[in-house]
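Peer 1: Mind having a look at this structure? Questions to follow.
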Amino acid sequence: MKVLLVYAHPEPTSLNGSLRDFTVQRLQAAGHTVQVSDLYAMNWKTTLDADDAPARDDSQPFHPSLDSKLAYAQGTQAADIAAEQEKLLWADALILQFPLWWFSMPAILKGWVERVYAYGFAYGVGEHSDSRWGERYGEGKMSGKRAMLMVTTGGWESHYNPRGINGPIDDLLFPIQHGVLHYPGFDVLPPFLVYRTSRMDETRYAQTTDELGRRLDELWSTRPIAFRQQNAGDYEIPALTLKDDIAPDLIGFAAHIK
């Protein structure tokens with residue numbers, strides 16, 4: 001199988017750097033082919049702007065979505081965007097690896113998503129009508145592929161439990177797992193999480209890599225998070241709210257998981 005690892009940490013000798021190397025070696029040893037997009041090493045351009053659509057009419061105001069749509073359709077995108085899109089189409093599985101900074105992904109990874117997920121590539125695809133509202137949330141170009149987050153954080157696991165001060169980790173990661181990954185069609189696996197990174201010693205590192213190794217070995221057998229599919233009958237279209245008889249006692253993020 002083919003795996004794309006998109007890695008966002010500025011220090012190669014960090015814990016994240018070590019876990020990245022372990023991941024690549026483990027997957028390759030199992031016979032998989034791996035590509036790594038090391039965003040800091042690539043000096044990835046973070047901001048989505050007019051330079052990403054070099055053939056656009058610069059006499060007109062820059063329109064991020066429509067200009068990206070035209071550039072994608074005409075094959076005139078910035079070269080780095082097109083290269084990452086090709087990697088996504090190539091891959092059977094995507095791993096996003098990053099430290100949790102200020103309750104989200106680092107800006108450089110958010111910039112990767114904003115630039116690579118062009119209109120017509122990751123969104124704005126498919127029929128929009130009274131019976132369907134595009135190919136998204138379980139459909140789309142990434143349908144049939146798997147995705148997983150690898151996330152490190154300095155906080156304790158208890159800080160991120162359902163009553164922890166930082167809020168439940170599943171809620172914090174929901175916009176990434178449900179929005180960034182499920183939206184264009186990925187089957188999203190439960191995340192691999194490492195807490196309290198400043199207290200990592202040799203024993204705990206060995207335990208962490210053992211656990212990570214098992215998760216990587218099971219990348220194609222682990223049951224995905226049961227996010228509801230938009231066009232499978234649970235939602236009113238075009239309102240895109242859950243039907244009254246679907247999880248009537250639930251609201252918020254939890255209602256969108258079967």
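By convention here, the chains of the structure tokens are called A, B, ... in the order presented, each chain's residues are numbered starting at 1, and ligands are numbered starting at 1 in the order presented.
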Residues at most 10 Å from range 142-148 of chain A, counting only C-alpha atoms, excluding those fewer than 5 positions away in the same chain, as a ChimeraX atom specification?
Peer 2: /A:3-5,88-89,91-97,121-122,135-137,177,181-192,215-216,219-220,222,224
Peer 1: Give me, as JSON, numbers by chain, the residues of range 9-247 of chain A that a backbone DSSP run labels alpha helix (DSSP H).
Peer 2: {"A": [15, 16, 17, 18, 19, 20, 21, 22, 23, 24, 25, 26, 27, 28, 29, 64, 65, 66, 67, 68, 69, 70, 71, 72, 73, 74, 79, 80, 81, 82, 83, 84, 85, 86, 87, 88, 89, 90, 107, 108, 109, 110, 111, 112, 113, 114, 115, 116, 169, 170, 171, 172, 173, 174, 202, 203, 204, 205, 206, 207, 208, 209, 210, 211, 212, 213, 214, 215, 216, 217]}
Peer 1: Since we have the selection now, will you write its residues out, keeping C-alpha atoms, as an mmCIF file, in the first residue's frame?
Peer 2:
```
data_model
loop_
_atom_site.group_PDB
_atom_site.id
_atom_site.type_symbol
_atom_site.label_atom_id
_atom_site.label_comp_id
_atom_site.auth_asym_id
_atom_site.auth_seq_id
_atom_site.Cartn_x
_atom_site.Cartn_y
_atom_site.Cartn_z
ATOM 1 C CA LEU A 15 10.203 13.551 19.622
ATOM 2 C CA ASN A 16 8.034 14.129 16.572
ATOM 3 C CA GLY A 17 11.055 13.710 14.333
ATOM 4 C CA SER A 18 11.881 10.402 15.971
ATOM 5 C CA LEU A 19 8.296 9.167 15.685
ATOM 6 C CA ARG A 20 8.255 10.207 12.026
ATOM 7 C CA ASP A 21 11.378 8.150 11.332
ATOM 8 C CA PHE A 22 9.955 5.192 13.241
ATOM 9 C CA THR A 23 6.731 5.418 11.244
ATOM 10 C CA VAL A 24 8.499 5.437 7.880
ATOM 11 C CA GLN A 25 10.738 2.516 8.849
ATOM 12 C CA ARG A 26 7.866 0.455 10.261
ATOM 13 C CA LEU A 27 5.703 0.946 7.176
ATOM 14 C CA GLN A 28 8.531 0.245 4.762
ATOM 15 C CA ALA A 29 9.540 -2.875 6.666
ATOM 16 C CA PRO A 64 -9.639 32.519 -3.082
ATOM 17 C CA SER A 65 -12.196 29.848 -3.938
ATOM 18 C CA LEU A 66 -13.065 30.809 -7.502
ATOM 19 C CA ASP A 67 -9.480 31.532 -8.512
ATOM 20 C CA SER A 68 -8.373 28.202 -7.056
ATOM 21 C CA LYS A 69 -11.210 26.510 -8.949
ATOM 22 C CA LEU A 70 -10.091 28.001 -12.246
ATOM 23 C CA ALA A 71 -6.416 27.263 -11.628
ATOM 24 C CA TYR A 72 -7.174 23.643 -10.730
ATOM 25 C CA ALA A 73 -9.437 23.148 -13.752
ATOM 26 C CA GLN A 74 -6.951 24.735 -16.163
ATOM 27 C CA ALA A 79 3.641 23.839 -8.784
ATOM 28 C CA ASP A 80 3.929 22.978 -5.082
ATOM 29 C CA ILE A 81 0.132 22.713 -4.768
ATOM 30 C CA ALA A 82 -0.171 20.434 -7.787
ATOM 31 C CA ALA A 83 2.626 18.208 -6.470
ATOM 32 C CA GLU A 84 0.872 17.679 -3.127
ATOM 33 C CA GLN A 85 -2.425 16.954 -4.858
ATOM 34 C CA GLU A 86 -0.698 14.269 -6.909
ATOM 35 C CA LYS A 87 0.635 12.720 -3.698
ATOM 36 C CA LEU A 88 -2.874 12.630 -2.227
ATOM 37 C CA LEU A 89 -4.276 10.968 -5.340
ATOM 38 C CA TRP A 90 -1.387 8.486 -5.277
ATOM 39 C CA ALA A 107 -0.136 27.147 11.013
ATOM 40 C CA ILE A 108 2.111 25.564 8.391
ATOM 41 C CA LEU A 109 -0.108 22.468 8.264
ATOM 42 C CA LYS A 110 -3.284 24.554 8.168
ATOM 43 C CA GLY A 111 -1.699 26.382 5.241
ATOM 44 C CA TRP A 112 -1.039 23.062 3.524
ATOM 45 C CA VAL A 113 -4.731 22.210 3.816
ATOM 46 C CA GLU A 114 -5.911 25.637 2.638
ATOM 47 C CA ARG A 115 -3.679 25.628 -0.429
ATOM 48 C CA VAL A 116 -3.818 21.952 -1.448
ATOM 49 C CA ILE A 169 -9.561 15.600 22.872
ATOM 50 C CA ASP A 170 -12.190 14.145 20.515
ATOM 51 C CA ASP A 171 -13.939 17.520 20.455
ATOM 52 C CA LEU A 172 -10.711 19.429 19.835
ATOM 53 C CA LEU A 173 -9.799 17.154 16.934
ATOM 54 C CA PHE A 174 -13.327 16.971 15.481
ATOM 55 C CA GLU A 202 13.513 5.664 27.404
ATOM 56 C CA THR A 203 10.996 3.330 28.978
ATOM 57 C CA ARG A 204 8.015 5.430 28.012
ATOM 58 C CA TYR A 205 9.437 5.993 24.516
ATOM 59 C CA ALA A 206 9.679 2.229 24.018
ATOM 60 C CA GLN A 207 6.066 1.863 25.149
ATOM 61 C CA THR A 208 5.026 4.657 22.782
ATOM 62 C CA THR A 209 6.735 3.151 19.745
ATOM 63 C CA ASP A 210 5.338 -0.290 20.585
ATOM 64 C CA GLU A 211 1.832 1.182 20.596
ATOM 65 C CA LEU A 212 2.485 3.196 17.444
ATOM 66 C CA GLY A 213 3.877 0.119 15.714
ATOM 67 C CA ARG A 214 0.691 -1.806 16.441
ATOM 68 C CA ARG A 215 -1.430 1.034 15.096
ATOM 69 C CA LEU A 216 0.629 1.171 11.900
ATOM 70 C CA ASP A 217 0.435 -2.606 11.487
#
```
Peer 1: Write out as a PyMOL selection string all residues of range 15-133 of chain A that DSSP puts in strand (DSSP E or B) for this structure's backbone.
Peer 2: chain A and resi 33-38+93-99+101+104+119+123+128+133
Peer 1: Store the residues picked out above in a file with N, CA and C atoms, as a PDB file, in the first residue's frame.
Peer 2:
```
ATOM      1  N   THR A  33       4.901   1.499   0.563  1.00  0.00           N
ATOM      2  CA  THR A  33       5.657   2.597  -0.032  1.00  0.00           C
ATOM      3  C   THR A  33       5.245   3.893   0.650  1.00  0.00           C
ATOM      4  N   VAL A  34       6.214   4.696   1.056  1.00  0.00           N
ATOM      5  CA  VAL A  34       5.930   5.888   1.852  1.00  0.00           C
ATOM      6  C   VAL A  34       6.531   7.126   1.186  1.00  0.00           C
ATOM      7  N   GLN A  35       5.736   8.179   1.115  1.00  0.00           N
ATOM      8  CA  GLN A  35       6.243   9.502   0.785  1.00  0.00           C
ATOM      9  C   GLN A  35       6.029  10.402   1.997  1.00  0.00           C
ATOM     10  N   VAL A  36       7.004  11.278   2.254  1.00  0.00           N
ATOM     11  CA  VAL A  36       6.910  12.225   3.373  1.00  0.00           C
ATOM     12  C   VAL A  36       6.929  13.644   2.827  1.00  0.00           C
ATOM     13  N   SER A  37       5.925  14.418   3.214  1.00  0.00           N
ATOM     14  CA  SER A  37       5.945  15.854   2.965  1.00  0.00           C
ATOM     15  C   SER A  37       6.322  16.529   4.279  1.00  0.00           C
ATOM     16  N   ASP A  38       7.616  16.857   4.421  1.00  0.00           N
ATOM     17  CA  ASP A  38       8.134  17.507   5.627  1.00  0.00           C
ATOM     18  C   ASP A  38       8.001  19.011   5.402  1.00  0.00           C
ATOM     19  N   ALA A  93      -3.384   5.835   1.898  1.00  0.00           N
ATOM     20  CA  ALA A  93      -3.614   6.305   3.267  1.00  0.00           C
ATOM     21  C   ALA A  93      -2.819   7.578   3.503  1.00  0.00           C
ATOM     22  N   LEU A  94      -3.386   8.445   4.313  1.00  0.00           N
ATOM     23  CA  LEU A  94      -2.760   9.718   4.683  1.00  0.00           C
ATOM     24  C   LEU A  94      -2.591   9.763   6.190  1.00  0.00           C
ATOM     25  N   ILE A  95      -1.396  10.155   6.630  1.00  0.00           N
ATOM     26  CA  ILE A  95      -1.156  10.412   8.043  1.00  0.00           C
ATOM     27  C   ILE A  95      -0.759  11.878   8.183  1.00  0.00           C
ATOM     28  N   LEU A  96      -1.470  12.601   9.032  1.00  0.00           N
ATOM     29  CA  LEU A  96      -1.094  13.967   9.381  1.00  0.00           C
ATOM     30  C   LEU A  96      -0.448  13.926  10.757  1.00  0.00           C
ATOM     31  N   GLN A  97       0.822  14.303  10.843  1.00  0.00           N
ATOM     32  CA  GLN A  97       1.555  14.260  12.107  1.00  0.00           C
ATOM     33  C   GLN A  97       1.921  15.669  12.536  1.00  0.00           C
ATOM     34  N   PHE A  98       1.559  16.015  13.783  1.00  0.00           N
ATOM     35  CA  PHE A  98       1.825  17.370  14.256  1.00  0.00           C
ATOM     36  C   PHE A  98       1.708  17.462  15.774  1.00  0.00           C
ATOM     37  N   PRO A  99       2.363  18.453  16.364  1.00  0.00           N
ATOM     38  CA  PRO A  99       2.130  18.764  17.773  1.00  0.00           C
ATOM     39  C   PRO A  99       0.874  19.630  17.895  1.00  0.00           C
ATOM     40  N   TRP A 101      -0.730  22.617  18.928  1.00  0.00           N
ATOM     41  CA  TRP A 101      -0.345  23.970  19.330  1.00  0.00           C
ATOM     42  C   TRP A 101      -1.594  24.824  19.418  1.00  0.00           C
ATOM     43  N   SER A 104      -4.916  23.287  18.194  1.00  0.00           N
ATOM     44  CA  SER A 104      -5.126  22.967  16.787  1.00  0.00           C
ATOM     45  C   SER A 104      -3.803  22.555  16.160  1.00  0.00           C
ATOM     46  N   TYR A 119     -10.656  24.245  -4.704  1.00  0.00           N
ATOM     47  CA  TYR A 119     -12.032  24.110  -5.196  1.00  0.00           C
ATOM     48  C   TYR A 119     -12.004  23.220  -6.441  1.00  0.00           C
ATOM     49  N   TYR A 123     -13.178  20.129  -2.547  1.00  0.00           N
ATOM     50  CA  TYR A 123     -14.529  20.602  -2.239  1.00  0.00           C
ATOM     51  C   TYR A 123     -15.140  21.204  -3.496  1.00  0.00           C
ATOM     52  N   HIS A 128     -25.220  19.324  -6.786  1.00  0.00           N
ATOM     53  CA  HIS A 128     -25.880  20.053  -5.710  1.00  0.00           C
ATOM     54  C   HIS A 128     -27.345  20.225  -6.102  1.00  0.00           C
ATOM     55  N   TRP A 133     -26.123  17.072  -1.955  1.00  0.00           N
ATOM     56  CA  TRP A 133     -25.473  18.371  -1.769  1.00  0.00           C
ATOM     57  C   TRP A 133     -23.969  18.217  -1.930  1.00  0.00           C
TER      58      TRP A 133
END
```
Peer 1: Near Asp52 in chain A, within 6 Å and counting only C-alpha atoms, which residues show up once chain neighbours fewer than 2 positions away are dropped, as a ChimeraX atom specification?
Peer 2: /A:49-50,54,77-78
Peer 1: Given the choices A:Val151, A:Tyr7, A:Met1, A:Glu218, which gets closest to Gly31 in chain A if the distance is worked out from only C-alpha atoms?
Peer 2: A:Met1
Peer 1: Compare A:Ser14, A:Ala8, A:Gln60, A:Gly140 by their minimum atom-to-atom distance to Tyr40 in chain A, counting only C-alpha atoms, and give me the closest one.
Peer 2: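 Ranking A:Ser14, A:Ala8, A:Gln60, A:Gly140 by distance to Tyr40 in chain A, first place goes to A:Ala8.
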